[in-house]
Every structure is written in C-alpha cells, then in structure tokens.
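> The structure file run_8.pdb (PDB, C-alpha atoms) is provided below.
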```pdb
ATOM      1  CA  MET B  53     -16.570  78.288 164.992
ATOM      2  CA  ALA B  54     -20.136  77.299 165.752
ATOM      3  CA  PHE B  55     -21.458  73.804 166.219
ATOM      4  CA  GLN B  56     -24.893  72.539 165.366
ATOM      5  CA  LYS B  57     -26.423  69.497 167.026
ATOM      6  CA  LYS B  58     -28.678  67.565 164.696
ATOM      7  CA  GLU B  59     -31.665  65.736 166.073
ATOM      8  CA  LYS B  60     -34.238  63.839 164.110
ATOM      9  CA  GLY B  61     -37.117  66.114 163.189
ATOM     10  CA  THR B  62     -35.747  69.244 164.912
ATOM     11  CA  LYS B  63     -33.629  72.178 163.843
ATOM     12  CA  GLN B  64     -31.088  73.548 166.319
ATOM     13  CA  GLU B  65     -29.822  77.115 166.055
ATOM     14  CA  LEU B  66     -26.133  77.918 165.735
ATOM     15  CA  LEU B  67     -24.295  79.876 168.401
ATOM     16  CA  PRO B  68     -23.768  83.386 167.027
ATOM     17  CA  SER B  69     -20.121  84.169 166.283
ATOM     18  CA  LEU B  70     -18.882  86.535 169.006
ATOM     19  CA  PRO B  71     -15.190  87.405 169.511
ATOM     20  CA  ASP B  72     -13.660  87.501 173.016
ATOM     21  CA  ASP B  73     -16.628  85.818 174.632
ATOM     22  CA  LEU B  74     -17.719  86.040 178.246
ATOM     23  CA  SER B  75     -20.332  83.526 179.313
ATOM     24  CA  ALA B  76     -22.529  82.792 182.310
ATOM     25  CA  CYS B  77     -25.683  80.853 183.120
ATOM     26  CA  LEU B  78     -28.368  83.080 184.662
ATOM     27  CA  ASP B  79     -32.063  82.392 185.120
ATOM     28  CA  GLY B  80     -31.629  79.052 183.359
ATOM     29  CA  LYS B  81     -30.312  80.737 180.204
ATOM     30  CA  PHE B  82     -26.782  80.633 178.812
ATOM     31  CA  HIS B  83     -25.619  84.255 178.290
ATOM     32  CA  VAL B  84     -22.705  85.066 175.960
ATOM     33  CA  ALA B  85     -21.230  88.581 175.707
ATOM     34  CA  SER B  86     -18.600  90.040 173.401
ATOM     35  CA  ASN B  87     -16.301  93.037 173.632
ATOM     36  CA  ASN B  88     -18.625  95.004 171.328
ATOM     37  CA  TYR B  89     -21.289  95.046 174.087
ATOM     38  CA  LYS B  90     -23.562  92.500 172.412
ATOM     39  CA  VAL B  91     -25.169  89.866 174.642
ATOM     40  CA  VAL B  92     -27.187  86.911 173.421
ATOM     41  CA  CYS B  93     -28.846  84.307 175.602
ATOM     42  CA  TYR B  94     -29.834  80.741 174.818
ATOM     43  CA  ASN B  95     -33.180  79.518 176.079
ATOM     44  CA  SER B  96     -32.939  75.720 176.124
ATOM     45  CA  LYS B  97     -36.690  75.325 176.659
ATOM     46  CA  LYS B  98     -37.412  77.220 173.438
ATOM     47  CA  GLY B  99     -34.232  76.002 171.704
ATOM     48  CA  LYS B 100     -33.253  79.430 170.413
ATOM     49  CA  TRP B 101     -30.883  82.379 170.865
ATOM     50  CA  ASP B 102     -32.256  85.830 171.712
ATOM     51  CA  ASP B 103     -30.537  89.223 171.677
ATOM     52  CA  LEU B 104     -30.571  90.759 175.133
ATOM     53  CA  ALA B 105     -32.042  94.264 174.924
ATOM     54  CA  SER B 106     -30.040  95.457 177.946
ATOM     55  CA  SER B 107     -26.678  94.339 176.485
ATOM     56  CA  THR B 108     -24.782  97.557 177.145
ATOM     57  CA  LYS B 109     -25.909  97.661 180.761
ATOM     58  CA  MET B 110     -24.897  94.060 181.381
ATOM     59  CA  THR B 111     -21.457  94.371 179.759
ATOM     60  CA  SER B 112     -20.640  97.738 181.352
ATOM     61  CA  PHE B 113     -19.109  96.017 184.403
ATOM     62  CA  TRP B 114     -18.631  92.411 183.213
ATOM     63  CA  PHE B 115     -14.864  91.865 182.945
ATOM     64  CA  GLU B 116     -12.913  88.857 181.653
ATOM     65  CA  ASP B 117     -11.372  86.761 184.471
ATOM     66  CA  CYS B 118     -13.014  88.978 187.114
ATOM     67  CA  TYR B 119     -16.507  87.522 187.371
ATOM     68  CA  CYS B 120     -18.395  84.520 188.701
ATOM     69  CA  VAL B 121     -21.936  83.250 189.176
ATOM     70  CA  ILE B 122     -23.028  82.180 192.666
ATOM     71  CA  GLU B 123     -26.587  80.959 193.257
ATOM     72  CA  ASN B 124     -27.804  82.450 189.954
ATOM     73  CA  VAL B 125     -26.248  85.891 190.605
ATOM     74  CA  LEU B 126     -23.513  87.364 188.371
ATOM     75  CA  TYR B 127     -20.739  89.087 190.356
ATOM     76  CA  SER B 128     -17.864  91.146 188.946
ATOM     77  CA  VAL B 129     -14.946  93.101 190.390
ATOM     78  CA  ASN B 130     -12.784  95.889 188.967
ATOM     79  CA  ASP B 131     -10.580  98.560 190.555
ATOM     80  CA  CYS B 132     -11.596  97.450 194.077
ATOM     81  CA  THR B 133     -15.307  97.731 193.253
ATOM     82  CA  PHE B 134     -17.379  94.585 193.776
ATOM     83  CA  ARG B 135     -20.804  94.494 192.114
ATOM     84  CA  TRP B 136     -23.656  92.106 191.325
ATOM     85  CA  TYR B 137     -26.009  92.215 188.339
ATOM     86  CA  ASP B 138     -29.710  92.603 189.106
ATOM     87  CA  THR B 139     -31.495  90.826 186.224
ATOM     88  CA  GLU B 140     -34.909  92.112 187.313
ATOM     89  CA  VAL B 141     -34.013  95.766 186.647
ATOM     90  CA  ASN B 142     -31.005  95.188 184.334
ATOM     91  CA  MET B 143     -28.402  97.095 186.319
ATOM     92  CA  TRP B 144     -25.240  96.554 188.365
ATOM     93  CA  ARG B 145     -25.426  97.146 192.119
ATOM     94  CA  ASP B 146     -22.604  97.588 194.621
ATOM     95  CA  VAL B 147     -22.154  94.747 197.100
TER      96      VAL B 147
END
```
Could you write out this file's structure as structure tokens?


Amino acid sequence: MAFQKKEKGTKQELLPSLPDDLSACLDGKFHVASNNYKVVCYNSKKGKWDDLASSTKMTSFWFEDCYCVIENVLYSVNDCTFRWYDTEVNMWRDV
C-alpha cells in the first residue's frame, strides 16, 4: 500500500510498490530495494522518486536483517564477509 501526503498547491508522488523491501537513508535520500533488484530513491528536496541506475550492483550484497547504515555508509554482512557500499563508484568493498 502506498500513501500520499496532500499539501495545498503541491503534488506528492506515491511510493512505488515494491515487495520485500529493504530501505536505507544514504546521501540524504531514502533508498528502497526489492528482491527483484530494483532500487528507487526519494529525493526530498525535489519531492520525487528516481530509479537508481546501479540497482543490481547495490542489491548484489544487500541482505535483509544483515545490514545497517553508520555515518551515511551502508554496511552488509553475509557468509562471514563484511562489506560497505561505495556510492561514489557504485560498488561493494570489503571492510
């Protein structure tokens, strides 16, 4: 289900429907990923959702219940491998 906030004179976009969501706030944007490797991010300054071009790279190591964000860095762990996501080059790096 998606919610829409109504404000006088403005139109707010709906959150895209994504099953099995993962979410994190990075670079001031709210990122939401689904199990089909799609990632969208909400830019509150622009008030809109954008598809993230590097979706498959970001979701390749982003696991449910095995991730966190510390000081604007996304970390994830799986099979004893601990990685962080480098948003500048769109790739996971070993810690």

> Could you tell me which of B:Asp117, B:Asp138, B:Asp146, B:Asp79 comes closest to B:Cys93 if we count only C-alpha atoms?

B:Asp79

> So how many Å separate atom CA of B:Val84 and atom CA of B:Asn130, to one decimal?

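Between these atoms lies a distance of 19.6 Å.
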
> Using all atoms listed in the file, can you tell me which of B:Phe82, B:Tyr89, B:Tyr94, B:Trp136 comes closest to B:Lys109?

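Of B:Phe82, B:Tyr89, B:Tyr94, B:Trp136, the one nearest B:Lys109, counting all atoms listed in the file, is B:Tyr89.
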
> Check which residues of stretch 90-114 of chain B sit at most 12 Å from stretch 118-123 of chain B using all atoms listed in the file, and return one row each with the closest pair of atoms and their distance in Å to one decimal, ordered by chain and rising number, as CSV.


```
residue,atom,partner,partner_atom,distance
B:Thr111,CA,B:Tyr119,CA,11.4
B:Phe113,CA,B:Tyr119,CA,9.4
B:Trp114,CA,B:Tyr119,CA,6.8
```

> For B:Glu140, list every protein, DNA or RNA residue within 12 Å, evaluated using only C-alpha atoms, and leave out those in the same chain fewer than 5 positions away; present the list as a list in words.

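My list of contacting residues is Leu78, Asp79, Ser106, Met110, Val125 and Arg145 of chain B.
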
> Quote the spacing between atom CA of B:Asn95 and atom CA of B:Lys81 in Å to one decimal place.

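Computed distance, atom CA of B:Asn95 to atom CA of B:Lys81, equals 5.2 Å.
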
> Tell me, in Å to one decimal, how far atom CA of B:Asp73 is from atom CA of B:Arg135.

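For atom CA of B:Asp73 relative to atom CA of B:Arg135, the distance reads 20.0 Å.
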
> Go ahead and find all residues with at least one atom no further than 9 Å from (-30.8, 91.8, 172.7) in the file's coordinates, using all atoms listed in the file; report them as number ranges by chain.

B: 90-93, 102-107
